[in-house]
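Notes for the one structure printed next.
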Amino acid sequence: MPGEWNGARDVESSRVRPANSTPNSRIQMSTIPLKSIICIRHGESTFNAAAATGGGDPLHFDARLSAVGEMQVRKARLQLRETPIELVITSPLTRALQTTAGIFSDHPSAPSILVEPLHRERVENSCDIGRTPAVLAHEFPSFVLDHLPEVWWHDLGERDERGICVEPVEAVERRVGEFTELLRQRPERMIAVVGHGTFFSLLTGRMLANCEAVRLVLDR
C-alpha cells in the first residue's frame, strides 16, 4: 500500500517531518543526519472497548488491554518484526507496557527499552491514572521502573466527581515539545515510541487507531 513502510505509515506533522516530504529530500539525506520515529499506539484497552458502547467513564483505572487489543498486538508484532529498532520508549501506563512487551519481547533487533512518563496520555479519564512503580514492577519485572516517581501521572488541580484531576491541554502541549527534544537528544537513529491517542494526535497531527504505527522523520 502506498505510504506504508515495514508496517508503519508515513505521516506529516508540524513538529517532525515525514520521509520524502520535500523535493530536496535526497540532498537533505546526504547532509543532515535523520532519525526515524515509529509511533505505535497501544492496543485496544478495556476502557476503549467500554467507551465504544456509549455511556460514561467505566472507571477502569490504568486500563489493561482487551482481548481485541491483545490480538492487535500479536498482529503488530509480526508487522514490525523486520524493522531494525534500536530503542523503544514506552509510556508507563499498563496498556502501553503490555503492548511494548507483546511486540518487542523477542524482537530480532533486541532494542533497549526505556520507560518514560513524559509521553503518558493526557489525564482525562480513569484509564489515564497510573500505578506506582512498585506495583508496576510486580507485574512487569522485565522493565526498569525504579527511576519513576511515585506519582508520575498528572495529579494537580481540583478533582472532579470521579476523583480525577483533568490535565489542561496546554500542559500536554508542553510535554509534546519536551518529548520531541528528548527524541532529538537521543543518539539512536531508529526509535519506536509506544504511547497514546491524544498525545500522538498532538505530536503527529492525527489520531492513530489502536495498534496503528506511523513513521515520522526527525531532523537531528
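By order of appearance in the C-alpha cells: chains A, B, ..., then residues from 1 within every chain, and ligands from 1 in the order shown.
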I'd like the neighbourhood of A:Leu145 as a short mmCIF file (atom, residue, chain, number, x, y, z; two decimals) with C-alpha atoms, in the first residue's frame, where a residue qualifies if any of its atoms comes within 12 Å (using only C-alpha atoms), though same-chain residues fewer than 2 positions away should be ignored.
```
data_model
loop_
_atom_site.label_atom_id
_atom_site.label_comp_id
_atom_site.auth_asym_id
_atom_site.auth_seq_id
_atom_site.Cartn_x
_atom_site.Cartn_y
_atom_site.Cartn_z
CA THR A 90 7.19 3.31 26.26
CA SER A 91 4.67 5.06 28.46
CA PRO A 92 4.33 3.56 31.96
CA LEU A 93 0.57 3.06 31.63
CA LEU A 97 3.66 -1.70 28.80
CA ILE A 113 13.60 -0.28 26.33
CA LEU A 114 13.12 2.98 28.21
CA VAL A 115 10.02 3.61 30.33
CA GLU A 116 9.32 7.35 30.07
CA PRO A 117 6.34 9.19 31.65
CA ARG A 131 0.05 2.97 39.28
CA THR A 132 3.15 3.32 41.44
CA PRO A 133 6.48 1.90 40.24
CA ALA A 134 6.43 -0.78 42.95
CA VAL A 135 3.02 -2.06 41.84
CA LEU A 136 4.03 -1.98 38.17
CA ALA A 137 7.31 -3.76 38.89
CA HIS A 138 5.44 -6.67 40.45
CA GLU A 139 3.50 -7.22 37.21
CA PHE A 140 6.28 -6.19 34.79
CA PRO A 141 9.57 -7.42 36.30
CA SER A 142 11.42 -7.17 32.98
CA PHE A 143 11.02 -3.37 32.82
CA HIS A 147 13.55 5.85 38.13
CA LEU A 148 9.85 6.75 38.09
CA PRO A 149 8.41 8.98 40.83
CA GLU A 150 5.65 7.54 42.98
CA TRP A 152 4.22 10.12 37.54
#
```
I want to know what sits within 12 Å of stretch 50-56 of chain A, based on only C-alpha atoms, with residues of the same chain fewer than 2 positions away left out; could you give that as a list of chain:residue names?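 That gives A:Glu44, A:Ser45, A:Thr46, A:Phe47, A:Asn48, A:Pro58, A:Leu59, A:His60, A:Ala63, A:Arg64, A:Leu65, A:Ser66, A:Asn125, A:Ser126, A:Cys127, A:Arg162.
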Export N, CA and C atoms of the chosen residues as a PDB file, in the first residue's frame?
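Result file follows (out_15.pdb):
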```
ATOM      1  N   GLU A  44      -6.159  -1.964  21.775  1.00  0.00           N
ATOM      2  CA  GLU A  44      -7.433  -1.598  22.410  1.00  0.00           C
ATOM      3  C   GLU A  44      -7.425  -1.982  23.885  1.00  0.00           C
ATOM      4  N   SER A  45      -7.842  -1.038  24.722  1.00  0.00           N
ATOM      5  CA  SER A  45      -7.939  -1.305  26.156  1.00  0.00           C
ATOM      6  C   SER A  45      -9.374  -1.649  26.531  1.00  0.00           C
ATOM      7  N   THR A  46      -9.546  -2.113  27.760  1.00  0.00           N
ATOM      8  CA  THR A  46     -10.905  -2.376  28.234  1.00  0.00           C
ATOM      9  C   THR A  46     -11.704  -1.082  28.307  1.00  0.00           C
ATOM     10  N   PHE A  47     -11.020   0.034  28.579  1.00  0.00           N
ATOM     11  CA  PHE A  47     -11.694   1.333  28.571  1.00  0.00           C
ATOM     12  C   PHE A  47     -12.157   1.674  27.156  1.00  0.00           C
ATOM     13  N   ASN A  48     -11.285   1.495  26.151  1.00  0.00           N
ATOM     14  CA  ASN A  48     -11.673   1.757  24.764  1.00  0.00           C
ATOM     15  C   ASN A  48     -12.892   0.939  24.375  1.00  0.00           C
ATOM     16  N   PRO A  58     -16.216   4.180  32.529  1.00  0.00           N
ATOM     17  CA  PRO A  58     -16.464   2.907  33.205  1.00  0.00           C
ATOM     18  C   PRO A  58     -15.602   2.702  34.442  1.00  0.00           C
ATOM     19  N   LEU A  59     -14.753   3.692  34.755  1.00  0.00           N
ATOM     20  CA  LEU A  59     -13.865   3.638  35.919  1.00  0.00           C
ATOM     21  C   LEU A  59     -12.917   2.438  35.852  1.00  0.00           C
ATOM     22  N   HIS A  60     -12.269   2.293  34.695  1.00  0.00           N
ATOM     23  CA  HIS A  60     -11.216   1.297  34.512  1.00  0.00           C
ATOM     24  C   HIS A  60      -9.881   1.996  34.735  1.00  0.00           C
ATOM     25  N   ALA A  63      -6.289   1.156  32.698  1.00  0.00           N
ATOM     26  CA  ALA A  63      -6.948   0.060  31.965  1.00  0.00           C
ATOM     27  C   ALA A  63      -5.952  -0.855  31.266  1.00  0.00           C
ATOM     28  N   ARG A  64      -6.297  -2.128  31.243  1.00  0.00           N
ATOM     29  CA  ARG A  64      -5.488  -3.151  30.590  1.00  0.00           C
ATOM     30  C   ARG A  64      -5.956  -3.338  29.148  1.00  0.00           C
ATOM     31  N   LEU A  65      -5.193  -4.115  28.387  1.00  0.00           N
ATOM     32  CA  LEU A  65      -5.617  -4.475  27.043  1.00  0.00           C
ATOM     33  C   LEU A  65      -6.839  -5.379  27.102  1.00  0.00           C
ATOM     34  N   SER A  66      -7.735  -5.194  26.153  1.00  0.00           N
ATOM     35  CA  SER A  66      -8.853  -6.117  25.979  1.00  0.00           C
ATOM     36  C   SER A  66      -8.379  -7.323  25.172  1.00  0.00           C
ATOM     37  N   ASN A 125      -9.579  10.638  31.903  1.00  0.00           N
ATOM     38  CA  ASN A 125     -10.479   9.583  32.368  1.00  0.00           C
ATOM     39  C   ASN A 125      -9.741   8.622  33.296  1.00  0.00           C
ATOM     40  N   SER A 126     -10.498   7.686  33.847  1.00  0.00           N
ATOM     41  CA  SER A 126      -9.921   6.742  34.799  1.00  0.00           C
ATOM     42  C   SER A 126      -8.757   5.954  34.225  1.00  0.00           C
ATOM     43  N   CYS A 127      -8.823   5.623  32.934  1.00  0.00           N
ATOM     44  CA  CYS A 127      -7.780   4.804  32.314  1.00  0.00           C
ATOM     45  C   CYS A 127      -6.433   5.495  32.289  1.00  0.00           C
ATOM     46  N   ARG A 162     -15.213  12.095  39.925  1.00  0.00           N
ATOM     47  CA  ARG A 162     -14.564  10.781  39.868  1.00  0.00           C
ATOM     48  C   ARG A 162     -13.276  10.730  40.679  1.00  0.00           C
TER      49      ARG A 162
END
```
Give me every alpha helix (DSSP H) residue in stretch 11-201 of chain A, going by DSSP on the backbone, as a count of residues only. 66
Which residues, written as a ChimeraX atom specification, have at least one atom at most 8 Å from A:Arg41, with only C-alpha atoms counted and residues fewer than 4 positions away on the same chain left out? /A:96,194-197,200,208-213
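For the pair atom CA of A:Asp146 and atom CA of A:Ile103, the separation is 22.6 Å.
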I'd like to know which of A:Glu181, A:Ser36, A:Gly102, A:Val217 is closest to A:Lys75, using only C-alpha atoms. A:Gly102
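Straight-line separation from atom CA of A:Gly163 to atom CA of A:Arg122: 15.4 Å.
Nearest to A:Ile85 of all the residues A:Glu167, A:Leu118, A:Lys35, A:Phe179 is A:Lys35, based on only C-alpha atoms.
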Could you check the closest approach to A:Met190 for each of A:Glu173, A:Glu70, A:Glu86, A:Glu178 and tell me which residue wins, using only C-alpha atoms?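 Residue with the minimum atom-to-atom distance to A:Met190: A:Glu86.
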Between A:Ala49, A:Asp57, A:Gly43, A:Val151, smallest distance to A:Gln98 by only C-alpha atoms belongs to A:Gly43
Could you tell me how far atom CA of A:Arg77 sits from atom CA of A:Gly177, in Å to one decimal place?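 Result for atom CA of A:Gly177 versus atom CA of A:Arg77: 28.7 Å, one decimal.
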